[in-house]
$ cat start_25.txt   # compact mmCIF, C-alpha atoms
# COMPACT_ATOMS: atom_id res chain seq x y z
CA MET D 56 3.34 -2.61 -4.70
CA PHE D 57 1.57 0.69 -5.16
CA CYS D 58 -2.03 1.39 -4.38
CA LEU D 59 -4.45 4.26 -4.04
CA ALA D 60 -5.59 5.41 -0.61
CA GLU D 61 -8.66 7.55 -0.20
CA ILE D 62 -8.16 10.31 2.35
CA LYS D 63 -10.29 13.17 3.62
CA ASP D 64 -8.63 16.30 4.91
CA THR D 65 -9.05 20.04 5.37
CA VAL D 66 -6.58 22.09 3.39
CA ALA D 67 -5.66 25.75 3.69
CA VAL D 68 -4.68 27.68 0.57
CA HIS D 69 -2.53 30.75 1.07
CA PRO D 70 -3.81 34.00 -0.49
CA SER D 71 -0.71 34.22 -2.69
CA ASN D 72 -2.01 31.12 -4.51
CA PHE D 73 -5.53 32.43 -5.13
CA GLY D 74 -4.54 33.26 -8.70
CA ALA D 75 -3.99 29.62 -9.57
CA PRO D 76 -6.83 27.23 -10.41
CA ALA D 77 -8.19 25.90 -7.12
CA GLU D 78 -7.41 22.31 -8.08
CA ASP D 79 -3.75 23.03 -8.75
CA ALA D 80 -3.42 24.94 -5.51
CA LEU D 81 -5.01 22.10 -3.54
CA VAL D 82 -2.88 19.41 -5.17
CA SER D 83 0.21 21.46 -4.46
CA GLU D 84 -0.76 21.89 -0.79
CA LEU D 85 -1.58 18.20 -0.40
CA ASN D 86 1.69 17.15 -1.98
CA LYS D 87 3.53 19.48 0.35
CA LYS D 88 1.84 17.85 3.31
CA TYR D 89 1.92 14.17 2.35
CA ALA D 90 4.59 13.41 -0.26
CA ASN D 91 7.41 11.21 1.04
CA ARG D 92 5.74 10.74 4.42
CA VAL D 93 4.59 7.55 6.04
CA LEU D 94 0.95 7.48 7.04
CA HIS D 95 0.24 5.11 9.89
CA ASP D 96 -1.36 1.88 8.65
CA VAL D 97 -1.58 3.31 5.15
CA GLY D 98 1.94 3.33 3.76
CA LEU D 99 4.51 5.64 2.23
CA CYS D 100 2.81 8.44 0.33
CA ILE D 101 4.18 9.18 -3.13
CA CYS D 102 1.96 11.89 -4.58
CA VAL D 103 -1.65 12.93 -5.10
CA PHE D 104 -3.44 10.89 -7.76
CA ASP D 105 -6.59 12.96 -8.09
CA ILE D 106 -9.10 15.00 -6.13
CA LYS D 107 -12.41 13.28 -5.75
CA GLN D 108 -14.40 15.93 -4.00
CA ALA D 109 -13.72 19.43 -2.79
CA GLY D 110 -16.02 21.73 -0.90
CA GLU D 111 -16.31 25.47 -1.26
CA GLY D 112 -13.31 27.34 0.11
CA LYS D 113 -14.14 29.17 3.32
CA VAL D 114 -12.37 32.03 5.04
CA ARG D 115 -12.20 31.66 8.79
CA TYR D 116 -11.78 34.28 11.41
CA GLY D 117 -8.14 35.04 12.11
CA ASP D 118 -6.36 34.37 8.85
CA GLY D 119 -6.78 35.02 5.16
CA PHE D 120 -6.51 31.42 4.07
CA LEU D 121 -9.19 29.63 2.09
CA TRP D 122 -10.04 26.39 3.87
CA TYR D 123 -11.23 23.52 1.70
CA LYS D 124 -12.66 20.17 2.74
CA VAL D 125 -11.16 17.73 0.28
CA VAL D 126 -11.51 14.02 -0.46
CA PHE D 127 -8.59 12.87 -2.56
CA ARG D 128 -6.72 9.79 -3.66
CA MET D 129 -3.07 9.32 -2.91
CA VAL D 130 -0.56 7.02 -4.57
CA VAL D 131 0.86 4.98 -1.71
CA PHE D 132 3.69 2.47 -1.53
CA ARG D 133 2.45 -0.49 0.43
CA PRO D 134 3.40 -3.93 -0.84
CA ILE D 135 0.88 -6.70 -0.32
CA THR D 136 1.94 -9.56 1.94
CA SER D 137 3.55 -12.34 -0.14
CA GLU D 138 4.09 -9.98 -3.05
CA VAL D 139 7.35 -10.40 -4.96
CA ILE D 140 9.41 -7.27 -5.52
CA ILE D 141 12.89 -6.49 -6.75
CA GLY D 142 15.30 -4.43 -4.70
CA LYS D 143 18.98 -3.77 -4.14
CA VAL D 144 21.09 -4.77 -1.17
CA LYS D 145 22.01 -1.67 0.81
CA SER D 146 24.01 -3.19 3.64
CA SER D 147 24.38 -6.34 5.68
CA ASP D 148 25.00 -7.03 9.34
CA GLU D 149 24.99 -10.04 11.66
CA ASP D 150 21.21 -10.24 12.01
CA SER D 151 19.81 -9.01 8.76
CA ILE D 152 20.27 -7.69 5.25
CA ARG D 153 18.96 -4.23 4.54
CA LEU D 154 17.51 -3.50 1.11
CA THR D 155 16.67 -0.36 -0.77
CA LEU D 156 14.22 0.50 -3.53
CA GLY D 157 15.72 3.93 -4.08
CA PHE D 158 12.75 5.79 -2.62
CA PHE D 159 12.29 3.41 0.32
CA ASP D 160 15.13 1.98 2.43
CA ASP D 161 13.51 0.10 5.27
CA LEU D 162 13.22 -3.39 3.86
CA TYR D 163 14.95 -6.04 5.94
CA ILE D 164 15.65 -9.72 5.46
CA PRO D 165 16.23 -11.21 8.91
CA ALA D 166 18.80 -14.01 9.06
CA ALA D 167 16.03 -16.55 9.65
CA TYR D 168 14.56 -15.76 6.22
CA LEU D 169 17.81 -16.45 4.35
CA PRO D 170 18.17 -19.68 2.41
CA GLN D 171 19.61 -22.35 4.72
CA PRO D 172 22.39 -23.13 5.45
CA SER D 173 23.76 -19.63 5.46
CA ALA D 174 26.08 -17.56 7.61
CA PHE D 175 27.49 -14.08 7.97
CA ASP D 176 31.09 -13.61 6.91
CA PRO D 177 32.53 -10.81 9.08
CA ASN D 178 35.50 -10.32 6.73
CA GLU D 179 33.37 -9.68 3.68
CA ARG D 180 30.56 -8.06 5.69
CA ALA D 181 28.09 -10.14 3.74
CA HIS D 182 25.89 -13.17 4.17
CA PHE D 183 26.54 -16.23 2.09
CA TRP D 184 24.62 -19.35 1.20
CA ILE D 185 26.03 -22.78 0.46
CA PRO D 186 23.65 -24.71 -1.74
CA ASP D 187 23.15 -28.43 -1.15
CA SER D 188 25.26 -28.51 1.96
CA GLU D 189 24.83 -30.73 5.03
CA LEU D 190 26.63 -28.32 7.31
CA THR D 191 24.58 -26.50 9.88
CA THR D 192 26.70 -24.77 12.51
CA LYS D 193 28.19 -21.39 11.87
CA THR D 194 31.77 -22.43 12.58
CA GLU D 195 31.55 -25.28 10.10
CA LEU D 196 30.14 -22.97 7.49
CA LEU D 197 32.88 -20.42 7.98
CA GLU D 198 35.53 -23.06 7.42
CA THR D 199 34.31 -23.89 3.93
CA PRO D 200 36.40 -22.75 0.95
CA THR D 201 35.30 -19.36 -0.34
CA SER D 202 34.72 -20.67 -3.83
CA GLU D 203 31.73 -22.73 -2.68
CA ARG D 204 29.99 -19.81 -1.04
CA MET D 205 27.35 -17.76 -2.76
CA TYR D 206 27.61 -14.27 -1.36
CA ILE D 207 24.86 -11.71 -1.17
CA ASP D 208 26.97 -8.61 -1.68
CA SER D 209 25.75 -5.07 -1.26
CA GLY D 210 24.56 -3.48 -4.47
CA GLU D 211 23.28 -6.81 -5.73
CA VAL D 212 19.79 -6.93 -7.23
CA VAL D 213 17.60 -9.36 -5.30
CA ARG D 214 14.13 -10.75 -5.74
CA ILE D 215 12.28 -10.84 -2.42
CA ARG D 216 8.96 -11.87 -1.03
CA VAL D 217 7.23 -9.55 1.41
CA GLU D 218 6.48 -11.41 4.64
CA SER D 219 5.04 -8.68 6.84
CA ASP D 220 5.08 -4.96 7.42
CA GLU D 221 4.98 -2.92 10.58
CA PHE D 222 4.27 0.68 11.42
CA TYR D 223 5.75 2.52 14.38
CA ASP D 224 4.36 5.74 15.67
CA ASP D 225 7.14 7.28 17.71
CA GLU D 226 5.39 10.43 18.79
CA PRO D 227 7.03 11.79 21.91
CA GLY D 228 4.53 11.32 24.72
CA PRO D 229 3.83 13.84 27.46
CA PRO D 230 6.93 14.70 29.50
CA LYS D 231 7.31 12.56 32.60
CA ALA D 232 10.09 14.59 34.20
CA THR D 233 7.75 15.72 37.00
CA GLU D 234 7.83 12.24 38.48
CA GLY D 235 11.55 12.55 38.84
CA VAL D 236 12.14 9.45 36.77
CA GLN D 237 14.61 9.64 33.96
CA VAL D 238 12.90 8.60 30.78
CA LYS D 239 14.81 6.02 28.82
CA ARG D 240 15.15 7.11 25.24
CA GLU D 241 14.45 4.37 22.79
CA PRO D 242 16.56 4.41 19.67
CA LYS D 243 14.62 5.97 16.84
CA ARG D 244 12.85 3.41 14.76
CA ALA D 245 11.84 3.80 11.17
CA PRO D 246 8.11 4.56 10.91
CA TYR D 247 7.48 1.81 8.39
CA ILE D 248 9.44 -1.43 8.13
CA VAL D 249 8.89 -4.21 5.64
CA THR D 250 10.16 -7.68 6.48
CA CYS D 251 11.08 -9.83 3.51
CA SER D 252 12.24 -13.34 2.80
CA ILE D 253 14.52 -14.96 0.26
CA ALA D 254 14.31 -18.48 1.71
CA GLU D 255 12.61 -20.00 -1.29
CA GLN D 256 13.44 -21.34 -4.73
CA GLY D 257 13.70 -18.49 -7.20
CA LEU D 258 14.23 -15.77 -4.61
CA GLY D 259 17.50 -14.07 -3.75
CA PRO D 260 20.01 -12.41 -6.05
CA VAL D 261 18.53 -12.30 -9.55
CA ALA D 262 21.87 -13.35 -11.00
CA TRP D 263 21.75 -16.73 -9.20
CA TRP D 264 18.66 -17.81 -11.04
CA ASN D 265 19.27 -16.18 -14.36
CA ASN D 266 22.68 -17.86 -14.57
CA ALA D 267 21.09 -21.24 -13.99
CA GLN D 268 19.00 -20.69 -17.10
CA GLU D 269 21.68 -19.03 -19.14
CA ALA D 270 22.03 -22.01 -21.48
CA GLY D 271 18.49 -21.54 -22.72
CA GLN D 272 18.91 -17.79 -22.89
CA GLU D 273 22.05 -17.98 -24.94
CA ASP D 274 20.24 -19.95 -27.59
CA ASP D 275 17.65 -17.24 -27.76
CA ASP D 276 20.34 -14.59 -28.10
CA MET D 277 21.93 -16.50 -30.94
CA ASP D 278 18.61 -16.66 -32.72
CA GLN D 279 18.06 -12.96 -32.31
CA GLY D 280 21.59 -12.10 -33.42
CA MET G 48 -7.25 14.02 8.42
CA GLU G 49 -9.24 10.87 8.02
CA VAL G 50 -8.38 7.79 6.03
CA LEU G 51 -11.51 6.66 4.20
CA ASN G 52 -9.99 3.67 2.48
CA PRO G 53 -6.32 2.71 2.84
CA ARG G 54 -6.40 0.54 -0.27
CA ALA G 55 -9.06 1.80 -2.64
CA ALA G 56 -7.37 0.40 -5.75
CA LEU G 57 -4.17 -1.23 -6.83
CA LEU G 58 -1.79 0.47 -9.25
CA SER G 59 0.71 -1.14 -11.54
CA ASN G 60 4.27 0.12 -11.64
CA TYR G 61 3.72 1.38 -15.16
CA GLU G 62 0.84 3.60 -14.07
CA VAL G 63 2.88 5.06 -11.24
CA LEU G 64 5.83 5.70 -13.55
CA THR G 65 3.61 7.45 -16.10
CA LEU G 66 2.04 9.60 -13.41
CA LEU G 67 5.42 10.58 -11.98
CA LYS G 68 6.84 11.35 -15.40
CA GLU G 69 3.89 13.63 -16.12
CA LEU G 70 4.52 15.41 -12.82
CA GLU G 71 8.18 15.77 -13.67
CA ALA G 72 7.43 17.17 -17.13
CA ASP G 73 4.97 19.58 -15.54
CA HIS G 74 7.59 20.81 -13.07
CA LEU G 75 10.18 21.21 -15.78
CA SER G 76 7.90 23.25 -18.02
CA ARG G 77 6.82 25.35 -15.07
CA SER G 78 10.34 26.12 -13.94
CA LYS G 79 11.31 26.90 -17.54
CA ALA G 80 8.40 29.32 -17.83
CA ALA G 81 9.38 30.96 -14.57
CA LEU G 82 12.97 31.29 -15.79
CA LYS G 83 11.81 32.82 -19.04
CA VAL G 84 9.65 35.38 -17.28
CA LYS G 85 12.60 36.24 -15.06
CA LYS G 86 14.88 36.66 -18.05
CA ASP G 87 12.40 38.86 -19.91
CA GLU G 88 11.93 41.09 -16.92
CA SER G 89 15.62 41.45 -16.25
CA ALA G 90 16.13 42.27 -19.93
CA THR G 91 13.53 45.05 -19.85
CA ASP G 92 14.70 46.34 -16.50
CA HIS G 93 18.28 46.42 -17.61
CA GLY G 94 19.84 49.84 -17.19
CA ILE G 95 17.07 51.20 -14.95
CA SER G 96 19.19 50.65 -11.83
CA ILE G 97 18.55 48.16 -9.05
CA ALA G 98 16.49 45.14 -10.06
CA PRO G 99 14.00 44.02 -7.40
CA PRO G 100 14.58 40.65 -5.71
CA SER G 101 13.50 37.68 -7.79
CA ASN G 102 10.30 36.83 -5.89
CA ASN G 103 8.11 39.41 -7.60
CA THR G 104 9.11 38.59 -11.14
CA LEU G 105 6.15 36.30 -11.81
CA PRO G 106 3.03 37.94 -13.17
CA PRO G 107 0.16 37.98 -10.69
CA ASN G 108 -1.92 35.50 -12.67
CA THR G 109 0.55 32.64 -12.35
CA PRO G 110 1.31 32.15 -8.69
CA ASN G 111 4.42 30.18 -8.08
CA LEU G 112 3.14 26.77 -6.99
CA GLU G 113 6.56 25.47 -6.20
CA PRO G 114 6.71 21.72 -5.65
CA SER G 115 7.86 20.83 -2.17
CA GLU G 116 11.29 19.34 -1.55
CA ASN G 117 9.69 16.09 -0.38
CA LEU G 118 7.72 15.67 -3.55
CA ARG G 119 10.75 16.33 -5.74
CA THR G 120 12.83 13.85 -3.74
CA ILE G 121 10.42 10.96 -3.89
CA GLU G 122 9.55 11.74 -7.49
CA VAL G 123 13.14 11.56 -8.67
CA GLU G 124 13.97 8.50 -6.56
CA ALA G 125 10.86 6.58 -7.57
CA ILE G 126 11.37 7.38 -11.25
CA SER G 127 14.96 6.18 -11.10
CA TYR G 128 13.87 2.95 -9.38
CA LEU G 129 11.00 2.25 -11.77
CA SER G 130 13.07 2.95 -14.88
CA SER G 131 16.10 0.96 -13.72
CA ASP G 132 17.30 -1.80 -16.02
CA TYR G 133 16.34 -4.64 -13.66
CA LEU G 134 12.67 -3.70 -13.85
CA PRO G 135 10.75 -4.09 -17.11
CA THR G 136 8.61 -1.00 -16.54
CA CYS G 137 10.25 1.31 -19.09
CA LYS G 138 9.99 -1.33 -21.81
CA GLN G 139 6.23 -1.54 -21.31
CA THR G 140 3.52 0.27 -23.20
CA GLU G 141 -0.07 0.98 -22.38
CA GLN G 142 -1.35 -1.11 -25.28
CA GLY G 143 1.01 -3.95 -24.41
CA ILE G 144 -0.22 -4.11 -20.84
CA SER G 145 -3.91 -3.94 -21.66
CA LYS G 146 -3.43 -6.70 -24.22
CA LEU G 147 -1.49 -8.77 -21.69
CA VAL G 148 -4.24 -8.39 -19.10
CA LYS G 149 -6.81 -9.50 -21.67
CA ASP G 150 -4.65 -12.47 -22.61
CA LEU G 151 -4.22 -13.46 -18.98
CA ALA G 152 -7.96 -13.30 -18.32
CA SER G 153 -8.39 -16.81 -19.74
CA TYR G 154 -6.19 -18.33 -17.03
CA SER G 155 -7.47 -18.65 -13.50
CA LEU G 156 -4.95 -16.26 -11.99
CA THR G 157 -5.80 -14.15 -8.97
CA LYS G 158 -5.83 -10.38 -9.18
CA ALA G 159 -2.61 -10.08 -7.18
CA GLU G 160 -0.84 -12.61 -9.41
CA LYS G 161 -1.88 -10.75 -12.53
CA LEU G 162 -0.68 -7.47 -11.06
CA GLN G 163 2.70 -8.98 -10.26
CA ILE G 164 3.00 -10.50 -13.73
CA VAL G 165 2.37 -7.06 -15.16
CA ASN G 166 4.79 -5.40 -12.74
CA LEU G 167 7.66 -7.86 -13.06
CA ALA G 168 7.00 -9.19 -16.57
CA PRO G 169 8.56 -12.62 -15.96
CA THR G 170 10.23 -14.04 -19.04
CA LEU G 171 11.89 -17.02 -17.34
CA PRO G 172 9.97 -19.91 -15.79
CA VAL G 173 11.78 -19.34 -12.47
CA GLU G 174 10.38 -15.85 -12.23
CA LEU G 175 6.87 -17.10 -12.83
CA TYR G 176 7.26 -19.88 -10.24
CA VAL G 177 7.87 -17.29 -7.55
CA ILE G 178 4.88 -15.17 -8.48
CA VAL G 179 2.26 -17.85 -9.04
CA GLU G 180 1.56 -20.29 -6.25
CA GLU G 181 1.62 -23.96 -7.22
CA LEU G 182 2.35 -23.06 -10.78
CA GLU G 183 2.92 -26.61 -11.94
CA ASP G 184 -0.31 -28.00 -10.59
CA ARG G 185 -2.41 -25.18 -11.90
CA PHE G 186 -0.88 -24.50 -15.29
CA GLN G 187 1.11 -27.57 -16.35
CA ASP G 188 0.96 -26.92 -20.07
CA ASN G 189 0.39 -23.21 -20.16
CA ILE G 190 3.58 -21.96 -18.53
CA ASP G 191 5.41 -21.34 -21.80
CA GLU G 192 2.28 -19.81 -23.27
CA ILE G 193 2.03 -17.28 -20.44
CA LEU G 194 5.73 -16.43 -20.72
CA GLN G 195 5.39 -15.85 -24.45
CA LYS G 196 2.46 -13.54 -23.93
CA VAL G 197 4.43 -11.55 -21.38
CA GLU G 198 7.37 -11.30 -23.76
CA ALA G 199 5.08 -10.15 -26.57
CA SER G 200 3.70 -7.39 -24.36
CA LEU G 201 7.17 -5.97 -23.75
CA SER G 202 8.40 -5.18 -27.24
CA GLY G 203 5.80 -6.00 -29.88
CA ALA G 204 3.32 -3.24 -29.26
CA SER G 205 5.43 -0.22 -30.19
CA GLY G 206 5.59 -0.88 -33.95
CA SER G 207 1.87 -1.21 -34.54
CA VAL G 208 0.69 1.88 -32.68
CA PRO G 209 0.84 4.56 -35.40
CA HIS G 210 -0.80 2.21 -37.85
CA ILE G 211 -3.77 1.64 -35.59
CA ASN G 212 -4.13 5.34 -34.92
CA GLY G 213 -3.96 6.12 -38.62
CA THR G 214 -6.70 3.70 -39.57
CA SER G 215 -8.99 4.77 -36.78
CA ALA G 216 -8.54 8.41 -37.69
CA ALA G 217 -9.32 7.64 -41.32
CA ALA G 218 -12.38 5.68 -40.26
CA SER G 219 -13.67 8.52 -38.11
CA THR G 220 -13.26 11.11 -40.87
CA ALA G 221 -15.06 8.81 -43.25
CA ALA G 222 -17.85 8.44 -40.71
CA SER G 223 -18.17 12.21 -40.31
CA THR G 224 -18.50 12.73 -44.06
CA VAL G 225 -21.21 10.11 -44.10
CA VAL G 226 -23.00 11.95 -41.32
CA THR G 227 -23.11 15.22 -43.23
CA VAL G 228 -24.38 13.54 -46.37
CA MET G 229 -27.05 11.46 -44.70
CA GLU G 230 -30.64 12.57 -44.45
CA GLU G 231 -32.31 12.97 -41.11
CA ASP G 232 -34.52 9.86 -41.21
CA THR G 233 -31.82 7.39 -42.18
CA TRP G 234 -29.51 8.98 -39.61
CA ASP G 235 -31.97 8.23 -36.83
CA GLU G 236 -32.28 4.62 -37.88
CA ASP G 237 -28.54 4.22 -37.88
CA GLY G 238 -28.28 5.85 -34.52
CA ALA G 239 -30.58 3.28 -33.01
CA TYR G 240 -28.09 0.55 -33.82
CA GLU G 241 -25.02 2.31 -32.48
CA GLU G 242 -25.75 2.09 -28.81
CA GLU G 243 -22.66 3.88 -27.56
CA ASP G 244 -23.10 6.94 -29.73
CA PHE G 245 -26.83 7.05 -29.39
CA ASP G 246 -27.07 10.11 -27.17
CA ASP G 247 -24.83 12.24 -29.34
CA THR G 248 -26.45 11.29 -32.61
CA GLY G 249 -29.90 11.83 -31.18
CA ALA G 250 -29.05 15.34 -30.05
CA GLY G 251 -27.30 16.24 -33.28
CA ALA G 252 -30.15 14.90 -35.38
CA GLY G 253 -32.67 16.81 -33.32
CA ILE G 254 -30.91 20.12 -33.90
CA GLU G 255 -30.63 19.48 -37.60
CA GLY G 256 -34.34 18.73 -37.70
CA ASP G 257 -35.18 21.97 -35.92
CA LEU G 258 -33.12 24.00 -38.34
CA GLU G 259 -34.85 22.44 -41.30
CA MET G 260 -38.25 23.15 -39.81
CA ASP G 261 -37.28 26.80 -39.41
CA ASP G 262 -36.22 26.94 -43.03
CA ASP G 263 -39.62 25.67 -44.08
$ encode --input "start_25.txt" --output "structure tokens"
Amino acid sequence: MFCLAEIKDTVAVHPSNFGAPAEDALVSELNKKYANRVLHDVGLCICVFDIKQAGEGKVRYGDGFLWYKVVFRMVVFRPITSEVIIGKVKSSDEDSIRLTLGFFDDLYIPAAYLPQPSAFDPNERAHFWIPDSELTTKTELLETPTSERMYIDSGEVVRIRVESDEFYDDEPGPPKATEGVQVKREPKRAPYIVTCSIAEQGLGPVAWWNNAQEAGQEDDDMDQG
Amino acid sequence: MEVLNPRAALLSNYEVLTLLKELEADHLSRSKAALKVKKDESATDHGISIAPPSNNTLPPNTPNLEPSENLRTIEVEAISYLSSDYLPTCKQTEQGISKLVKDLASYSLTKAEKLQIVNLAPTLPVELYVIVEELEDRFQDNIDEILQKVEASLSGASGSVPHINGTSAAASTAASTVVTVMEEDTWDEDGAYEEEDFDDTGAGAGIEGDLEMDDD
């Protein structure tokens, strides 16, 4: 889930921080620049792990900053494809379920990666799954009694498998107004999106699977008690 | 900025949590120190009229390396995720994990599978099925064994820690007394057998020898 990324950068230290040990000042600058940001094709930066190499600080013409060339390692959130992680359901809509890890909110389970047969219940605003059912069409599914449905409610803890991840770099390009063409504004996309699946035995709300094994667990509890 | 290696190493959740908690403790102690300095100054300045604005209250030797908002945000959020009750991370210990990794070495698990076992600490067969591909074919008889080892890594380690530390400390003090008693020649012989400590013992023995020569 987390890994270390090795990055090289030039960092400026403000004169007011010259009193601090150089390492602390550099780490503080780097954290200011990178923490909680998504680096393209690297992942979501958490914090600096350590500094591997730092050059001599140099003063350049024009400002009083000390400029350091630094090679450092960053703790980065980037799940491996097919890794299993645990998250919470944030919200659901027709096409997908959105999950959150607390520090990262752009995990999606598209409807195609839900256990089949499943459908979206607009009244409950949640997807549900009907285990061992022959039904396939949405209308049929929505006519089933509610007691048979297994809902994936928001706030529920789910085990998911990472299927793929995608980075978007939505830098505004050069203005094209000179051509007299109105530029269509795309809706803002998240810079880093992870697509997950729960269409597999053992995945989905943790409670589903732990309940199935509760009999065995209860015995254990009795023993411990 | 240049990315030299986007994935230089993998980290377990426990390592990240420990790192973040250290950062948090660091911030707390720093902000406490800053508060204290502020209080002291305001106490001494009391009665002398207008107190200067708070920015200059820190002594010049400790510049205020204030953590950025972003860092604080992700730190708090990540800590709360990693120490939530549906993740095993806060029940884990360093010794437990290193023992678990050693125990798992005998099975032919891939690196990623081992990392996930450490991160998620599966205690039910279902949880292990999801993590390990083709679990049944690869580990027909060992599934329960693996689960037991994971369970042992979660709770068992905490009780034995002080004991281990105590014995090792006792052993090291005993060793140091032996060192002072031993004569130079026998010390060198011993040093040859202890490969890891060889450099240190060699240097120490050399200095002792020099001193004795001077005395002569």
$ interface_residues --input "start_25.txt" --of "chain D" --to "chain G" --cutoff "6 Å" --atoms "all atoms listed in the file" --output "number ranges by chain"
D: 57-64, 72, 74-75, 87, 90-91, 97, 157-158, 257
$ residues_around --input "start_25.txt" --residues "Glu149 of chain D" --least-positions-apart "5" --cutoff "12 Å" --atoms "only C-alpha atoms" --output "MDAnalysis selection string"
chainID D and resid 164:167 173:183 193
$ residues_around --input "start_25.txt" --residues "Tyr89 of chain D" --least-positions-apart "2" --cutoff "9 Å" --atoms "all atoms listed in the file" --output "VMD selection string"
(chain D and resid 84 to 87 91 to 94 99 to 103 129) or (chain G and resid 117 to 118)
$ residues_around --input "start_25.txt" --residues "segment 108-123 of chain D" --least-positions-apart "6" --cutoff "9 Å" --atoms "all atoms listed in the file" --output "list in words"
Asp64, Thr65, Val66, Ala67, Val68, His69, Pro70, Phe73, Ala77, Glu78 and Leu81 of chain D
$ closest_residue --input "start_25.txt" --among "G:Ala81, G:Leu201, G:Leu64, G:Ala152" --to "Thr140 of chain G" --atoms "all atoms listed in the file"
G:Leu201
$ atom_distance --input "start_25.txt" --atom1 "atom CA of Met205 of chain D" --atom2 "atom CA of Leu162 of chain D"
21.2 Å
$ closest_residue --input "start_25.txt" --among "D:Thr155, D:Ser83, D:Thr250, D:Asn265" --to "Tyr168 of chain D" --atoms "all atoms listed in the file"
D:Thr250
$ atom_distance --input "start_25.txt" --atom1 "atom CA of Glu255 of chain D" --atom2 "atom CA of Ser130 of chain G"
26.7 Å
$ atom_distance --input "start_25.txt" --atom1 "atom CA of Asp96 of chain D" --atom2 "atom CA of Phe222 of chain D"
6.4 Å
$ residues_around --input "start_25.txt" --residues "Ile144 of chain G" --least-positions-apart "6" --cutoff "10 Å" --atoms "all atoms listed in the file" --output "MDAnalysis selection string"
chainID G and resid 59 61 150 165:166 168 197 199:201 204
